[in-house]
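Student: Have a peek at structure_24.pdb (PDB, C-alpha atoms).
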MODEL        1
ATOM      1  CA  MET A 258      41.470 102.500 155.262
ATOM      2  CA  ALA A 259      38.849 101.046 152.927
ATOM      3  CA  LYS A 260      39.324 101.065 149.185
ATOM      4  CA  GLN A 261      37.322 103.812 147.482
ATOM      5  CA  ILE A 262      35.569 102.839 144.219
ATOM      6  CA  THR A 263      33.517 104.646 141.605
ATOM      7  CA  VAL A 264      30.133 103.289 140.620
ATOM      8  CA  GLU A 265      28.441 104.486 137.441
ATOM      9  CA  ILE A 266      24.673 104.624 137.878
ATOM     10  CA  ILE A 267      22.261 105.448 135.063
ATOM     11  CA  ILE A 268      18.646 106.176 135.967
ATOM     12  CA  ARG A 269      15.628 107.280 133.934
ATOM     13  CA  GLY A 270      12.461 109.077 135.057
ATOM     14  CA  ASP A 271      11.200 112.436 136.304
ATOM     15  CA  ILE A 272      14.565 113.403 137.743
ATOM     16  CA  ILE A 273      14.300 117.192 137.526
ATOM     17  CA  GLU A 274      10.601 117.574 138.334
ATOM     18  CA  ASN A 275      10.808 115.323 141.411
ATOM     19  CA  ASN A 276      14.111 116.790 142.625
ATOM     20  CA  VAL A 277      15.624 113.295 142.719
ATOM     21  CA  LEU A 278      19.259 114.413 142.911
ATOM     22  CA  ALA A 279      18.637 116.429 146.081
ATOM     23  CA  LYS A 280      16.788 113.470 147.591
ATOM     24  CA  PHE A 281      19.679 111.146 146.683
ATOM     25  CA  ALA A 282      22.170 113.555 148.273
ATOM     26  CA  SER A 283      20.026 113.800 151.405
ATOM     27  CA  LYS A 284      19.864 110.007 151.719
ATOM     28  CA  LEU A 285      23.649 109.773 151.298
ATOM     29  CA  LYS A 286      24.134 112.292 154.138
ATOM     30  CA  GLU A 287      21.988 110.121 156.430
ATOM     31  CA  GLN A 288      24.192 107.041 155.888
ATOM     32  CA  LYS A 289      26.890 105.937 158.325
ATOM     33  CA  TYR A 290      29.406 105.709 155.497
ATOM     34  CA  THR A 291      31.032 108.374 153.349
ATOM     35  CA  ALA A 292      29.894 108.686 149.749
ATOM     36  CA  ASP A 293      29.616 111.479 147.218
ATOM     37  CA  PHE A 294      28.616 111.812 143.582
ATOM     38  CA  VAL A 295      28.830 113.891 140.433
ATOM     39  CA  THR A 296      26.144 113.775 137.806
ATOM     40  CA  THR A 297      25.054 114.764 134.342
ATOM     41  CA  VAL A 298      21.362 114.961 133.492
ATOM     42  CA  ALA A 299      20.017 114.820 129.949
ATOM     43  CA  VAL A 300      16.571 116.334 129.572
ATOM     44  CA  PRO A 301      14.584 116.186 126.359
ATOM     45  CA  PRO A 302      13.455 119.645 125.191
ATOM     46  CA  PHE A 303      12.160 120.764 128.572
ATOM     47  CA  LEU A 304       8.795 122.333 127.715
ATOM     48  CA  VAL A 305       7.766 119.464 125.474
ATOM     49  CA  ALA A 306       9.143 116.890 127.937
ATOM     50  CA  SER A 307       7.204 118.260 130.889
ATOM     51  CA  GLU A 308       4.045 118.599 128.820
ATOM     52  CA  ARG A 309       4.227 115.057 127.420
ATOM     53  CA  ARG A 310       5.890 113.477 130.493
ATOM     54  CA  TYR A 311       9.083 112.394 128.694
ATOM     55  CA  PRO A 312      11.626 110.992 131.167
ATOM     56  CA  SER A 313      15.032 112.490 131.878
ATOM     57  CA  LEU A 314      18.218 110.461 132.011
ATOM     58  CA  ALA A 315      20.879 110.900 134.713
ATOM     59  CA  VAL A 316      24.375 109.469 134.838
ATOM     60  CA  LEU A 317      25.793 109.515 138.353
ATOM     61  CA  TYR A 318      29.380 108.739 139.250
ATOM     62  CA  THR A 319      29.297 107.822 142.916
ATOM     63  CA  MET A 320      32.436 107.461 145.015
ATOM     64  CA  VAL A 321      31.975 105.020 147.893
ATOM     65  CA  ASP A 322      34.039 102.567 149.922
ATOM     66  CA  LEU A 323      34.052  99.106 148.367
ATOM     67  CA  GLU A 324      32.541  97.585 151.501
ATOM     68  CA  ASN A 325      29.480  99.882 151.200
ATOM     69  CA  LYS A 326      28.688  99.226 147.530
ATOM     70  CA  PHE A 327      25.737  96.943 148.273
ATOM     71  CA  GLN A 328      24.310  99.305 150.898
ATOM     72  CA  LEU A 329      24.445 102.055 148.263
ATOM     73  CA  LYS A 330      22.596  99.797 145.799
ATOM     74  CA  LYS A 331      19.894  99.007 148.368
ATOM     75  CA  MET A 332      19.425 102.700 149.186
ATOM     76  CA  LEU A 333      19.203 103.537 145.484
ATOM     77  CA  ASP A 334      16.672 100.735 144.897
ATOM     78  CA  GLU A 335      14.459 102.186 147.642
ATOM     79  CA  LEU A 336      14.705 105.695 146.194
ATOM     80  CA  THR A 337      13.911 104.574 142.668
ATOM     81  CA  GLU A 338      10.916 102.625 143.906
ATOM     82  CA  GLU A 339       9.610 105.653 145.840
ATOM     83  CA  GLU A 340      10.106 107.990 142.875
ATOM     84  CA  LYS A 341       9.034 105.505 140.178
ATOM     85  CA  LEU A 342      12.407 105.657 138.419
ATOM     86  CA  GLU A 343      14.172 102.984 136.411
ATOM     87  CA  ILE A 344      17.764 101.930 137.063
ATOM     88  CA  ILE A 345      19.317 101.346 133.656
ATOM     89  CA  SER A 346      22.790 100.478 134.936
ATOM     90  CA  PHE A 347      24.699 100.085 138.203
ATOM     91  CA  GLU A 348      28.287  99.278 137.371
ATOM     92  CA  GLN A 349      31.578  99.483 139.242
ATOM     93  CA  LEU A 350      34.274 101.198 137.178
TER      94      LEU A 350
ENDMDL
END
Will you turn the file into structure tokens for me?
Tutor:
Amino acid sequence: MAKQITVEIIIRGDIIENNVLAKFASKLKEQKYTADFVTTVAVPPFLVASERRYPSLAVLYTMVDLENKFQLKKMLDELTEEEKLEIISFEQL
């Protein structure tokens, strides 16, 4: 059995408006490996943020097998490029 690790990922961008968390979950379901995540999203005052295009900040704690860490990073890189997000941190805990 592979060793399960937790990776802390911090991303910034239009997370709520672009439904990024659902897209991330969908991409994880498509993978051949098992992974799951919990998240907290910080949104500036929502009405002002959406009006002025202020970015949200999400902290994701993703549980994945150690051997799949780099595949997870590649998948996340592709998603952030598609959605024009910024990866602030990708760190194994």
Student: Run the PyMOL selection byres ((chain A and resi 284-287) around 12) mentally over the shown coordinates, then write out the matched residues as a PyMOL selection string, using the chain letters and numbers from the document.
Tutor: chain A and resi 277-283+288-294+319-321+325+328-336
Student: When distances are computed from all atoms listed in the file, which of A:Ile266, A:Leu350, A:Val295, A:Ile345 shows the smallest separation from Leu323 of chain A?
Tutor: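 Looking at the shortest contact to Leu323 of chain A, the residue is A:Leu350.
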Student: Using all atoms listed in the file, find all polymer residues with an atom at most 10 Å away from the point (25.1, 96.3, 134.8); report them as a list in words.
Tutor: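 Looking at atoms near the point gives Glu265, Ile266, Ile267, Ile344, Ile345, Ser346, Phe347, Glu348 and Gln349 of chain A.
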Student: Quick check on the file I pasted: which residues fall under the PyMOL selection byres ((chain A and resi 270) around 6)? Write them as an NGL selection string.
Tutor: :A and (269 or 271-272 or 312-313 or 342)
Student: Out of A:Glu339, A:Glu308, A:Glu324, A:Glu274, which residue has the shortest atom-to-atom distance to Ala259 of chain A when counting all atoms listed in the file?
Tutor: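 Among A:Glu339, A:Glu308, A:Glu324, A:Glu274, it is A:Glu324 that comes nearest to Ala259 of chain A.
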Student: List every protein, DNA or RNA residue that has at least one atom no more than 8 Å from (19.5, 116.6, 132.9) in the file's coordinates, counting all atoms listed in the file, and write the result as a list in words.
Tutor: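 Final list of nearby residues, as requested, is Ile272, Ile273, Thr297, Val298, Ala299, Val300, Ser313, Leu314 and Ala315 of chain A.
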Student: Can I get N, CA, C and O atoms for segment 270-295 of chain A, as a PDB file, in the first residue's frame?
Tutor:
ATOM      1  N   GLY A 270      -7.296  33.638  -7.490  1.00  0.00           N
ATOM      2  CA  GLY A 270      -7.961  33.955  -8.755  1.00  0.00           C
ATOM      3  C   GLY A 270      -9.463  33.967  -8.590  1.00  0.00           C
ATOM      4  O   GLY A 270      -9.974  34.048  -7.471  1.00  0.00           O
ATOM      5  N   ASP A 271     -10.175  33.851  -9.691  1.00  0.00           N
ATOM      6  CA  ASP A 271     -11.645  33.841  -9.675  1.00  0.00           C
ATOM      7  C   ASP A 271     -12.151  32.436  -9.353  1.00  0.00           C
ATOM      8  O   ASP A 271     -12.710  31.736 -10.198  1.00  0.00           O
ATOM      9  N   ILE A 272     -11.967  32.021  -8.137  1.00  0.00           N
ATOM     10  CA  ILE A 272     -12.253  30.660  -7.715  1.00  0.00           C
ATOM     11  C   ILE A 272     -13.754  30.389  -7.648  1.00  0.00           C
ATOM     12  O   ILE A 272     -14.238  29.379  -8.160  1.00  0.00           O
ATOM     13  N   ILE A 273     -14.502  31.283  -7.047  1.00  0.00           N
ATOM     14  CA  ILE A 273     -15.943  31.095  -6.898  1.00  0.00           C
ATOM     15  C   ILE A 273     -16.659  31.307  -8.223  1.00  0.00           C
ATOM     16  O   ILE A 273     -17.458  30.476  -8.655  1.00  0.00           O
ATOM     17  N   GLU A 274     -16.379  32.410  -8.890  1.00  0.00           N
ATOM     18  CA  GLU A 274     -17.074  32.749 -10.133  1.00  0.00           C
ATOM     19  C   GLU A 274     -16.854  31.719 -11.229  1.00  0.00           C
ATOM     20  O   GLU A 274     -17.737  31.466 -12.035  1.00  0.00           O
ATOM     21  N   ASN A 275     -15.668  31.119 -11.285  1.00  0.00           N
ATOM     22  CA  ASN A 275     -15.361  30.139 -12.332  1.00  0.00           C
ATOM     23  C   ASN A 275     -15.574  28.696 -11.887  1.00  0.00           C
ATOM     24  O   ASN A 275     -15.216  27.771 -12.609  1.00  0.00           O
ATOM     25  N   ASN A 276     -16.111  28.517 -10.693  1.00  0.00           N
ATOM     26  CA  ASN A 276     -16.429  27.188 -10.167  1.00  0.00           C
ATOM     27  C   ASN A 276     -15.198  26.258 -10.196  1.00  0.00           C
ATOM     28  O   ASN A 276     -15.287  25.096 -10.573  1.00  0.00           O
ATOM     29  N   VAL A 277     -14.068  26.791  -9.798  1.00  0.00           N
ATOM     30  CA  VAL A 277     -12.792  26.089  -9.883  1.00  0.00           C
ATOM     31  C   VAL A 277     -12.760  24.834  -9.005  1.00  0.00           C
ATOM     32  O   VAL A 277     -12.214  23.813  -9.409  1.00  0.00           O
ATOM     33  N   LEU A 278     -13.356  24.880  -7.837  1.00  0.00           N
ATOM     34  CA  LEU A 278     -13.294  23.726  -6.938  1.00  0.00           C
ATOM     35  C   LEU A 278     -14.029  22.527  -7.528  1.00  0.00           C
ATOM     36  O   LEU A 278     -13.552  21.395  -7.434  1.00  0.00           O
ATOM     37  N   ALA A 279     -15.157  22.761  -8.169  1.00  0.00           N
ATOM     38  CA  ALA A 279     -15.883  21.669  -8.826  1.00  0.00           C
ATOM     39  C   ALA A 279     -15.073  21.118  -9.997  1.00  0.00           C
ATOM     40  O   ALA A 279     -15.041  19.901 -10.229  1.00  0.00           O
ATOM     41  N   LYS A 280     -14.407  21.985 -10.720  1.00  0.00           N
ATOM     42  CA  LYS A 280     -13.571  21.541 -11.841  1.00  0.00           C
ATOM     43  C   LYS A 280     -12.383  20.724 -11.335  1.00  0.00           C
ATOM     44  O   LYS A 280     -12.012  19.709 -11.942  1.00  0.00           O
ATOM     45  N   PHE A 281     -11.782  21.149 -10.223  1.00  0.00           N
ATOM     46  CA  PHE A 281     -10.673  20.412  -9.625  1.00  0.00           C
ATOM     47  C   PHE A 281     -11.147  19.030  -9.182  1.00  0.00           C
ATOM     48  O   PHE A 281     -10.487  18.020  -9.456  1.00  0.00           O
ATOM     49  N   ALA A 282     -12.302  18.966  -8.538  1.00  0.00           N
ATOM     50  CA  ALA A 282     -12.855  17.689  -8.088  1.00  0.00           C
ATOM     51  C   ALA A 282     -13.136  16.776  -9.280  1.00  0.00           C
ATOM     52  O   ALA A 282     -12.852  15.571  -9.239  1.00  0.00           O
ATOM     53  N   SER A 283     -13.682  17.330 -10.336  1.00  0.00           N
ATOM     54  CA  SER A 283     -13.974  16.553 -11.540  1.00  0.00           C
ATOM     55  C   SER A 283     -12.698  15.976 -12.150  1.00  0.00           C
ATOM     56  O   SER A 283     -12.653  14.813 -12.543  1.00  0.00           O
ATOM     57  N   LYS A 284     -11.649  16.783 -12.204  1.00  0.00           N
ATOM     58  CA  LYS A 284     -10.369  16.304 -12.744  1.00  0.00           C
ATOM     59  C   LYS A 284      -9.769  15.215 -11.852  1.00  0.00           C
ATOM     60  O   LYS A 284      -9.164  14.266 -12.355  1.00  0.00           O
ATOM     61  N   LEU A 285      -9.934  15.340 -10.537  1.00  0.00           N
ATOM     62  CA  LEU A 285      -9.430  14.296  -9.638  1.00  0.00           C
ATOM     63  C   LEU A 285     -10.169  12.983  -9.864  1.00  0.00           C
ATOM     64  O   LEU A 285      -9.568  11.909  -9.829  1.00  0.00           O
ATOM     65  N   LYS A 286     -11.479  13.045 -10.112  1.00  0.00           N
ATOM     66  CA  LYS A 286     -12.266  11.829 -10.359  1.00  0.00           C
ATOM     67  C   LYS A 286     -11.813  11.121 -11.631  1.00  0.00           C
ATOM     68  O   LYS A 286     -11.900   9.900 -11.723  1.00  0.00           O
ATOM     69  N   GLU A 287     -11.336  11.861 -12.606  1.00  0.00           N
ATOM     70  CA  GLU A 287     -10.899  11.290 -13.884  1.00  0.00           C
ATOM     71  C   GLU A 287      -9.552  10.583 -13.778  1.00  0.00           C
ATOM     72  O   GLU A 287      -9.199   9.810 -14.667  1.00  0.00           O
ATOM     73  N   GLN A 288      -8.786  10.839 -12.735  1.00  0.00           N
ATOM     74  CA  GLN A 288      -7.444  10.277 -12.591  1.00  0.00           C
ATOM     75  C   GLN A 288      -7.510   8.793 -12.259  1.00  0.00           C
ATOM     76  O   GLN A 288      -8.502   8.298 -11.736  1.00  0.00           O
ATOM     77  N   LYS A 289      -6.418   8.095 -12.530  1.00  0.00           N
ATOM     78  CA  LYS A 289      -6.318   6.666 -12.225  1.00  0.00           C
ATOM     79  C   LYS A 289      -5.967   6.422 -10.768  1.00  0.00           C
ATOM     80  O   LYS A 289      -5.990   5.306 -10.299  1.00  0.00           O
ATOM     81  N   TYR A 290      -5.591   7.479 -10.062  1.00  0.00           N
ATOM     82  CA  TYR A 290      -5.202   7.335  -8.663  1.00  0.00           C
ATOM     83  C   TYR A 290      -6.262   7.966  -7.755  1.00  0.00           C
ATOM     84  O   TYR A 290      -7.080   8.754  -8.198  1.00  0.00           O
ATOM     85  N   THR A 291      -6.208   7.588  -6.487  1.00  0.00           N
ATOM     86  CA  THR A 291      -7.160   8.094  -5.509  1.00  0.00           C
ATOM     87  C   THR A 291      -6.609   9.354  -4.859  1.00  0.00           C
ATOM     88  O   THR A 291      -5.470   9.375  -4.405  1.00  0.00           O
ATOM     89  N   ALA A 292      -7.429  10.388  -4.836  1.00  0.00           N
ATOM     90  CA  ALA A 292      -7.059  11.638  -4.171  1.00  0.00           C
ATOM     91  C   ALA A 292      -8.344  12.324  -3.743  1.00  0.00           C
ATOM     92  O   ALA A 292      -9.398  12.137  -4.352  1.00  0.00           O
ATOM     93  N   ASP A 293      -8.255  13.107  -2.698  1.00  0.00           N
ATOM     94  CA  ASP A 293      -9.401  13.876  -2.223  1.00  0.00           C
ATOM     95  C   ASP A 293      -8.863  15.145  -1.585  1.00  0.00           C
ATOM     96  O   ASP A 293      -7.671  15.265  -1.326  1.00  0.00           O
ATOM     97  N   PHE A 294      -9.757  16.113  -1.328  1.00  0.00           N
ATOM     98  CA  PHE A 294      -9.293  17.362  -0.753  1.00  0.00           C
ATOM     99  C   PHE A 294     -10.369  18.017   0.095  1.00  0.00           C
ATOM    100  O   PHE A 294     -11.550  17.749  -0.051  1.00  0.00           O
ATOM    101  N   VAL A 295      -9.901  18.855   1.009  1.00  0.00           N
ATOM    102  CA  VAL A 295     -10.755  19.765   1.772  1.00  0.00           C
ATOM    103  C   VAL A 295     -10.236  21.164   1.482  1.00  0.00           C
ATOM    104  O   VAL A 295      -9.078  21.341   1.126  1.00  0.00           O
TER     105      VAL A 295
END
